[in-house]
Amino acid sequence: MKRILIVGAGGQIGSELTRTLRDIYGNDNVVCSDLRPLKGEIYERGPIERIDSTQIMQIAEAVKKYNIDTIYNLAAILSATAELNPMLGWNVGIGSLVNCLEVARLFGCAVFTPSSIGSFGPTTPRDNTPQDTIQRPTTIYGVTKVTGELLSDYYYTRFGVDTRSVRFPGLISNLTLPGGGTTDYAVEIYYSAVKGEKFVCPLKKGTFMDMMYMPDALKAMVDIMEADPTKLIHRNSFNVTAMSFDPEIIFNAIKKYVPTFEMVYEPEPIKQAIADSWPNSLDDSCARKEWGWNPVYDLDKMTVDMLDCLKKKLL
Ligand code: NAD
Ligand code: SER
């Protein structure tokens, strides 16, 4: 049975990954940690630690204390927030990664760290973006993600650390709100629809990006760490996607179920510039071939579930 440490467990992904991993591997085998206090049933089902992942000794002590063999490193500052404070974006994104890799090297752990569509830039082919292609991002978030991919591959080839990663698109979920990314609008739009509010869209019509519903993202994070290593040609990091849409398409998908829903466009310059530098759609065929990636949710299926879950939560 794996013994897992989740670093940065308090965010959009970590709040749901904690539950998923505990359901699979057992409550006591999954330690959740964050800089911020972790409260609530999901976290309190098993061990909780307060860890600032920029402090290597805090990670090392937890790994030793709980005999950890796998680290899920989720601590980062998302794209739009990092653009407002680039040094914080670098220090958290890279500080946390380097510390997890070093601790993994010393204690023999595997490491999962998500990369992102943000690892691509304006010179990357925009449509059906290949697995191996140009990665010259123009955001500090993207710079940390490309650096993270290279460092993770380096630790694998140089030290044999079992590093694995996926390039997540925008993730849509209904438990915890995202932490300041460019794709956050695709979550917020559902909250507005359920609350009966007009949605003010921060991106222009025609701004396409890849997206994925959280249950598929959780499946990806489990499946890649369970994958047969002899089948992995790539490691850091795999393109994965489930759908690609622009604001108009997601608005119409919601309007089908909420006919009174309204949306206006008020593009925010930082988010628009970031979104314009990212691909429209990824080619995820390597993930499909090498470890069986196969998402379940398309836009319509996700919309039905999001509206249903948010109605129960908000109304
Ligand atoms: P989030 O912002 O919701 O959560 C990040 C967590 O990290 C927060 O709980 C925060 O408290 C914690 N954190 C920040 N600084 C820390 C520190 N010094 N020590 C310990 N914890 C710290 O982000 P998320 O959406 O859950 O993303 C997790 C990972 O997935 C990140 O690497 C992100 O880049 C990546 N990713 C997310 C998305 C998405 O759409 N959510 C898409 C692609 C990639
Ligand atoms: N959702 C993330 C962001 O927009 C993508 O990595 O920052």
# chains A, B, ... in the order shown; residues from 1 in each chain; ligands from 1
call {"tool": "select_by_dssp", "arguments": {"residues": "range 117-245 of chain A", "states": "helix (DSSP H, G or I)", "output": "count of residues only"}}
result
50
call {"tool": "residues_around", "arguments": {"residues": "Tyr25 in chain A", "least_positions_apart": "4", "cutoff": "8 Å", "atoms": "only C-alpha atoms", "output": "ChimeraX atom specification"}}
result
/A:1-3,21,29-30
call {"tool": "write_last_selection", "arguments": {"atoms": "all heavy atoms", "output": "PDB file, in the first residue's frame"}}
result
ATOM      1  N   MET A   1       0.850  -1.218   0.000  1.00  0.00           N
ATOM      2  CA  MET A   1       0.000   0.000   0.000  1.00  0.00           C
ATOM      3  C   MET A   1       0.874   1.253   0.000  1.00  0.00           C
ATOM      4  O   MET A   1       1.830   1.331   0.764  1.00  0.00           O
ATOM      5  CB  MET A   1      -0.885  -0.038   1.259  1.00  0.00           C
ATOM      6  CG  MET A   1      -1.994   0.974   1.292  1.00  0.00           C
ATOM      7  SD  MET A   1      -3.200   0.908  -0.034  1.00  0.00           S
ATOM      8  CE  MET A   1      -4.315  -0.369   0.528  1.00  0.00           C
ATOM      9  N   LYS A   2       0.520   2.222  -0.845  1.00  0.00           N
ATOM     10  CA  LYS A   2       1.316   3.454  -0.877  1.00  0.00           C
ATOM     11  C   LYS A   2       1.176   4.221   0.443  1.00  0.00           C
ATOM     12  O   LYS A   2       0.138   4.140   1.110  1.00  0.00           O
ATOM     13  CB  LYS A   2       0.799   4.369  -2.002  1.00  0.00           C
ATOM     14  CG  LYS A   2       1.191   3.945  -3.405  1.00  0.00           C
ATOM     15  CD  LYS A   2       0.744   5.028  -4.386  1.00  0.00           C
ATOM     16  CE  LYS A   2       0.771   4.564  -5.831  1.00  0.00           C
ATOM     17  NZ  LYS A   2       2.090   4.252  -6.352  1.00  0.00           N
ATOM     18  N   ARG A   3       2.213   5.016   0.766  1.00  0.00           N
ATOM     19  CA  ARG A   3       2.173   5.943   1.916  1.00  0.00           C
ATOM     20  C   ARG A   3       2.413   7.331   1.316  1.00  0.00           C
ATOM     21  O   ARG A   3       3.522   7.629   0.844  1.00  0.00           O
ATOM     22  CB  ARG A   3       3.279   5.614   2.912  1.00  0.00           C
ATOM     23  CG  ARG A   3       3.214   4.191   3.454  1.00  0.00           C
ATOM     24  CD  ARG A   3       2.362   4.061   4.689  1.00  0.00           C
ATOM     25  NE  ARG A   3       2.785   4.944   5.754  1.00  0.00           N
ATOM     26  CZ  ARG A   3       2.031   5.233   6.824  1.00  0.00           C
ATOM     27  NH1 ARG A   3       0.821   4.738   6.927  1.00  0.00           N
ATOM     28  NH2 ARG A   3       2.489   6.024   7.762  1.00  0.00           N
ATOM     29  N   LEU A  21      -7.601   9.898  -2.734  1.00  0.00           N
ATOM     30  CA  LEU A  21      -6.478   9.027  -2.345  1.00  0.00           C
ATOM     31  C   LEU A  21      -6.798   8.267  -1.063  1.00  0.00           C
ATOM     32  O   LEU A  21      -6.432   7.100  -0.915  1.00  0.00           O
ATOM     33  CB  LEU A  21      -5.191   9.845  -2.189  1.00  0.00           C
ATOM     34  CG  LEU A  21      -4.652  10.494  -3.476  1.00  0.00           C
ATOM     35  CD1 LEU A  21      -3.385  11.291  -3.182  1.00  0.00           C
ATOM     36  CD2 LEU A  21      -4.358   9.452  -4.562  1.00  0.00           C
ATOM     37  N   ASN A  29      -2.994   6.232   5.457  1.00  0.00           N
ATOM     38  CA  ASN A  29      -1.862   6.171   4.517  1.00  0.00           C
ATOM     39  C   ASN A  29      -1.720   7.439   3.683  1.00  0.00           C
ATOM     40  O   ASN A  29      -0.847   7.502   2.814  1.00  0.00           O
ATOM     41  CB  ASN A  29      -2.022   4.966   3.578  1.00  0.00           C
ATOM     42  CG  ASN A  29      -1.828   3.668   4.331  1.00  0.00           C
ATOM     43  OD1 ASN A  29      -0.974   3.589   5.209  1.00  0.00           O
ATOM     44  ND2 ASN A  29      -2.623   2.659   4.002  1.00  0.00           N
ATOM     45  N   VAL A  30      -2.590   8.421   3.910  1.00  0.00           N
ATOM     46  CA  VAL A  30      -2.531   9.666   3.136  1.00  0.00           C
ATOM     47  C   VAL A  30      -2.453  10.849   4.107  1.00  0.00           C
ATOM     48  O   VAL A  30      -3.420  11.149   4.818  1.00  0.00           O
ATOM     49  CB  VAL A  30      -3.752   9.804   2.206  1.00  0.00           C
ATOM     50  CG1 VAL A  30      -3.681  11.116   1.432  1.00  0.00           C
ATOM     51  CG2 VAL A  30      -3.837   8.614   1.254  1.00  0.00           C
TER      52      VAL A  30
END
call {"tool": "residues_near_ligand", "arguments": {"ligand": "ligand 2", "cutoff": "7 Å", "atoms": "only C-alpha atoms and all ligand atoms", "output": "ChimeraX atom specification"}}
result
/A:78-80,116-118,168-171,180-184
call {"tool": "write_last_selection", "arguments": {"atoms": "C-alpha atoms", "output": "compact mmCIF listing (two decimals), in the first residue's frame"}}
result
# COMPACT_ATOMS: atom_id res chain seq x y z
CA LEU A 78 -1.69 30.08 -10.28
CA SER A 79 -1.11 32.05 -13.46
CA ALA A 80 -3.04 35.32 -13.01
CA SER A 116 -0.07 23.00 -17.17
CA ILE A 117 -1.20 24.30 -20.54
CA GLY A 118 0.62 27.36 -19.16
CA PHE A 168 -3.43 19.93 -16.84
CA PRO A 169 -5.79 22.22 -18.73
CA GLY A 170 -8.23 24.43 -16.80
CA LEU A 171 -9.91 22.32 -14.12
CA GLY A 180 -6.42 32.77 -9.18
CA GLY A 181 -5.88 31.17 -12.57
CA THR A 182 -6.73 32.28 -16.10
CA THR A 183 -9.18 29.41 -16.60
CA ASP A 184 -11.13 30.21 -13.38
call {"tool": "residues_near_ligand", "arguments": {"ligand": "ligand 1", "cutoff": "7 Å", "atoms": "only C-alpha atoms and all ligand atoms", "output": "count of residues only"}}
result
39
call {"tool": "residues_around", "arguments": {"residues": "Ala242 in chain A", "least_positions_apart": "5", "cutoff": "9 Å", "atoms": "only C-alpha atoms", "output": "list in words"}}
result
Pro169, Asp210, Met211, Met212, Tyr213, Asp216, Asn294, Pro295, Val296, Tyr297, Asp298 and Leu299 of chain A
call {"tool": "write_last_selection", "arguments": {"atoms": "C-alpha atoms", "output": "compact mmCIF listing (two decimals), in the first residue's frame"}}
result
# COMPACT_ATOMS: atom_id res chain seq x y z
CA PRO A 169 -5.79 22.22 -18.73
CA ASP A 210 -8.52 23.15 -23.01
CA MET A 211 -10.58 22.19 -19.94
CA MET A 212 -11.32 19.13 -17.80
CA TYR A 213 -13.84 18.16 -15.12
CA ASP A 216 -11.22 13.08 -14.76
CA ASN A 294 -9.34 8.33 -21.40
CA PRO A 295 -11.55 11.10 -19.95
CA VAL A 296 -15.21 10.43 -19.16
CA TYR A 297 -16.74 13.94 -19.07
CA ASP A 298 -17.51 16.11 -22.11
CA LEU A 299 -18.96 19.63 -21.84
call {"tool": "residues_around", "arguments": {"residues": "Glu44 in chain A", "least_positions_apart": "3", "cutoff": "12 Å", "atoms": "only C-alpha atoms", "output": "CSV table (one decimal) with N, CA and C atoms, in the first residue's frame"}}
result
chain,number,residue,atom,x,y,z
A,15,SER,N,-8.1,19.5,-2.2
A,15,SER,CA,-9.3,19.2,-1.3
A,15,SER,C,-10.0,18.0,-1.9
A,18,THR,N,-7.3,14.7,-1.7
A,18,THR,CA,-7.2,14.1,-0.4
A,18,THR,C,-8.3,13.0,-0.2
A,19,ARG,N,-9.5,13.3,-0.6
A,19,ARG,CA,-10.6,12.3,-0.4
A,19,ARG,C,-10.4,11.1,-1.4
A,22,ARG,N,-7.5,8.9,-0.1
A,22,ARG,CA,-7.9,8.2,1.1
A,22,ARG,C,-8.9,7.1,0.8
A,27,ASN,N,-7.3,6.0,4.9
A,27,ASN,CA,-7.2,7.3,5.6
A,27,ASN,C,-5.8,7.5,6.2
A,28,ASP,N,-5.3,6.5,6.9
A,28,ASP,CA,-4.0,6.7,7.6
A,28,ASP,C,-2.8,6.7,6.7
A,30,VAL,N,-2.6,8.4,3.9
A,30,VAL,CA,-2.5,9.7,3.1
A,30,VAL,C,-2.5,10.8,4.1
A,31,VAL,N,-1.3,11.5,4.1
A,31,VAL,CA,-1.1,12.7,5.0
A,31,VAL,C,-1.3,13.9,4.1
A,32,CYS,N,-2.2,14.8,4.6
A,32,CYS,CA,-2.5,16.0,3.9
A,32,CYS,C,-1.8,17.2,4.6
A,33,SER,N,-1.2,18.1,3.8
A,33,SER,CA,-0.5,19.2,4.4
A,33,SER,C,-0.7,20.5,3.6
A,37,PRO,N,-4.4,26.4,7.4
A,37,PRO,CA,-5.1,25.4,8.2
A,37,PRO,C,-6.0,24.5,7.3
A,38,LEU,N,-6.0,23.2,7.5
A,38,LEU,CA,-6.9,22.3,6.8
A,38,LEU,C,-8.0,21.9,7.8
A,39,LYS,N,-9.2,22.3,7.5
A,39,LYS,CA,-10.3,22.0,8.4
A,39,LYS,C,-11.4,21.3,7.6
A,40,GLY,N,-12.1,20.4,8.3
A,40,GLY,CA,-13.3,19.7,7.7
A,40,GLY,C,-13.1,18.2,7.6
A,41,GLU,N,-14.2,17.6,7.3
A,41,GLU,CA,-14.3,16.1,7.4
A,41,GLU,C,-13.3,15.4,6.5
A,47,PRO,N,-4.2,11.8,8.9
A,47,PRO,CA,-3.2,12.7,9.4
A,47,PRO,C,-3.2,14.1,8.7
A,48,ILE,N,-3.0,15.1,9.4
A,48,ILE,CA,-2.8,16.5,8.9
A,48,ILE,C,-1.5,17.1,9.4
A,49,GLU,N,-0.8,17.7,8.5
A,49,GLU,CA,0.4,18.5,9.0
A,49,GLU,C,0.4,19.9,8.4
call {"tool": "residues_around", "arguments": {"residues": "range 274-284 of chain A", "least_positions_apart": "5", "cutoff": "7 Å", "atoms": "only C-alpha atoms", "output": "list in words"}}
result
Ile117, Gly118, Phe120, Gly121, Pro122, Arg126, Asp127, Asn128, Thr129, Pro130, Gln131, Thr182, Thr207, Phe208, Met209, Asp210, Asn239, Val240, Thr241 and Ser244 of chain A
call {"tool": "write_last_selection", "arguments": {"atoms": "N, CA, C and O atoms", "output": "CSV table (one decimal), in the first residue's frame"}}
result
chain,number,residue,atom,x,y,z
A,117,ILE,N,-1.2,23.7,-19.2
A,117,ILE,CA,-1.2,24.3,-20.5
A,117,ILE,C,-0.4,25.6,-20.5
A,117,ILE,O,0.0,26.1,-21.6
A,118,GLY,N,-0.2,26.1,-19.3
A,118,GLY,CA,0.6,27.4,-19.2
A,118,GLY,C,2.1,27.1,-19.5
A,118,GLY,O,2.9,28.1,-19.5
A,120,PHE,N,3.1,26.2,-22.2
A,120,PHE,CA,3.2,26.6,-23.7
A,120,PHE,C,3.1,28.1,-23.8
A,120,PHE,O,2.8,28.8,-22.9
A,121,GLY,N,3.5,28.6,-25.0
A,121,GLY,CA,3.5,30.1,-25.2
A,121,GLY,C,3.1,30.4,-26.6
A,121,GLY,O,2.6,29.5,-27.4
A,122,PRO,N,3.2,31.7,-27.0
A,122,PRO,CA,2.7,32.1,-28.3
A,122,PRO,C,3.3,31.5,-29.5
A,122,PRO,O,2.7,31.5,-30.6
A,126,ARG,N,-0.8,26.2,-32.0
A,126,ARG,CA,-2.0,26.5,-31.1
A,126,ARG,C,-3.0,25.4,-31.2
A,126,ARG,O,-3.8,25.2,-30.2
A,127,ASP,N,-3.2,24.7,-32.3
A,127,ASP,CA,-4.3,23.7,-32.4
A,127,ASP,C,-3.7,22.3,-32.4
A,127,ASP,O,-2.7,22.1,-33.1
A,128,ASN,N,-4.3,21.4,-31.7
A,128,ASN,CA,-3.8,20.0,-31.6
A,128,ASN,C,-2.4,20.1,-31.2
A,128,ASN,O,-1.5,19.3,-31.7
A,129,THR,N,-2.0,20.9,-30.2
A,129,THR,CA,-0.6,21.1,-29.8
A,129,THR,C,0.0,19.7,-29.5
A,129,THR,O,-0.5,19.0,-28.6
A,130,PRO,N,1.2,19.4,-30.1
A,130,PRO,CA,1.8,18.1,-29.9
A,130,PRO,C,2.4,17.9,-28.5
A,130,PRO,O,2.6,18.9,-27.8
A,131,GLN,N,2.6,16.7,-28.2
A,131,GLN,CA,3.3,16.3,-26.9
A,131,GLN,C,4.6,17.0,-26.8
A,131,GLN,O,5.0,17.6,-25.8
A,182,THR,N,-6.1,31.7,-14.9
A,182,THR,CA,-6.7,32.3,-16.1
A,182,THR,C,-8.0,31.5,-16.5
A,182,THR,O,-8.9,32.1,-17.2
A,207,THR,N,-12.0,33.0,-27.3
A,207,THR,CA,-10.8,32.6,-26.6
A,207,THR,C,-10.9,31.1,-26.2
A,207,THR,O,-11.6,30.8,-25.2
A,208,PHE,N,-10.3,30.3,-27.0
A,208,PHE,CA,-10.4,28.8,-26.7
A,208,PHE,C,-9.3,28.4,-25.8
A,208,PHE,O,-8.1,28.8,-26.0
A,209,MET,N,-9.6,27.5,-24.9
A,209,MET,CA,-8.6,26.8,-24.0
A,209,MET,C,-9.1,25.4,-23.7
A,209,MET,O,-10.3,25.1,-23.7
A,210,ASP,N,-8.2,24.5,-23.4
A,210,ASP,CA,-8.5,23.2,-23.0
A,210,ASP,C,-9.1,23.2,-21.6
A,210,ASP,O,-8.6,24.0,-20.8
A,239,ASN,N,0.7,15.8,-22.1
A,239,ASN,CA,-0.5,16.5,-22.4
A,239,ASN,C,-1.7,15.6,-22.1
A,239,ASN,O,-1.8,14.5,-22.4
A,240,VAL,N,-2.7,16.2,-21.4
A,240,VAL,CA,-4.0,15.6,-21.1
A,240,VAL,C,-5.1,16.7,-21.3
A,240,VAL,O,-4.9,17.8,-21.0
A,241,THR,N,-6.2,16.2,-21.9
A,241,THR,CA,-7.3,17.2,-22.1
A,241,THR,C,-8.6,16.4,-22.2
A,241,THR,O,-8.6,15.2,-22.3
A,244,SER,N,-12.4,21.4,-25.3
A,244,SER,CA,-11.8,22.7,-25.6
A,244,SER,C,-13.1,23.6,-26.0
A,244,SER,O,-13.9,23.2,-26.8
call {"tool": "residues_around", "arguments": {"residues": "Pro269 in chain A", "least_positions_apart": "4", "cutoff": "9 Å", "atoms": "only C-alpha atoms", "output": "PyMOL selection string"}}
result
chain A and resi 202-203+273-274
call {"tool": "write_last_selection", "arguments": {"atoms": "N, CA, C and O atoms", "output": "PDB file, in the first residue's frame"}}
result
ATOM      1  N   PRO A 202     -14.381  37.485 -18.045  1.00  0.00           N
ATOM      2  CA  PRO A 202     -13.107  38.228 -18.117  1.00  0.00           C
ATOM      3  C   PRO A 202     -12.310  37.958 -19.398  1.00  0.00           C
ATOM      4  O   PRO A 202     -11.221  38.502 -19.566  1.00  0.00           O
ATOM      5  N   LEU A 203     -12.854  37.095 -20.266  1.00  0.00           N
ATOM      6  CA  LEU A 203     -12.150  36.773 -21.520  1.00  0.00           C
ATOM      7  C   LEU A 203     -13.078  37.052 -22.703  1.00  0.00           C
ATOM      8  O   LEU A 203     -14.301  36.967 -22.581  1.00  0.00           O
ATOM      9  N   ALA A 273      -4.375  38.397 -21.961  1.00  0.00           N
ATOM     10  CA  ALA A 273      -3.037  38.226 -22.557  1.00  0.00           C
ATOM     11  C   ALA A 273      -2.509  36.821 -22.276  1.00  0.00           C
ATOM     12  O   ALA A 273      -1.917  36.174 -23.157  1.00  0.00           O
ATOM     13  N   ILE A 274      -2.744  36.326 -21.064  1.00  0.00           N
ATOM     14  CA  ILE A 274      -2.275  34.968 -20.739  1.00  0.00           C
ATOM     15  C   ILE A 274      -3.012  33.945 -21.601  1.00  0.00           C
ATOM     16  O   ILE A 274      -2.396  33.075 -22.235  1.00  0.00           O
TER      17      ILE A 274
END
call {"tool": "atom_distance", "arguments": {"atom1": "CA of Ile24 in chain A", "atom2": "CA of Met225 in chain A"}}
result
12.8 Å
call {"tool": "closest_residue", "arguments": {"among": "A:Gly108, A:Gly26, A:Pro247, A:Pro125", "to": "Tyr190 in chain A", "atoms": "only C-alpha atoms"}}
result
A:Pro247
call {"tool": "select_by_dssp", "arguments": {"residues": "range 74-314 of chain A", "states": "strand (DSSP E or B)", "output": "NGL selection string"}}
result
:A and (110-112 or 115-116 or 129 or 163-164 or 166-168 or 170-172 or 199-201 or 209-213 or 238-239 or 243-245 or 263-265 or 282)
call {"tool": "residues_around", "arguments": {"residues": "Asn99 in chain A", "least_positions_apart": "2", "cutoff": "12 Å", "atoms": "only C-alpha atoms", "output": "PyMOL selection string"}}
result
chain A and resi 7+51-60+63+71+73+75+91-97+101-106+111+113+148+151-152+155
call {"tool": "closest_residue", "arguments": {"among": "A:Gly46, A:Asp308, A:Met214, A:Glu149", "to": "Thr176 in chain A", "atoms": "only C-alpha atoms"}}
result
A:Met214
call {"tool": "atom_distance", "arguments": {"atom1": "CA of Ile68 in chain A", "atom2": "CA of Leu5 in chain A"}}
result
6.4 Å
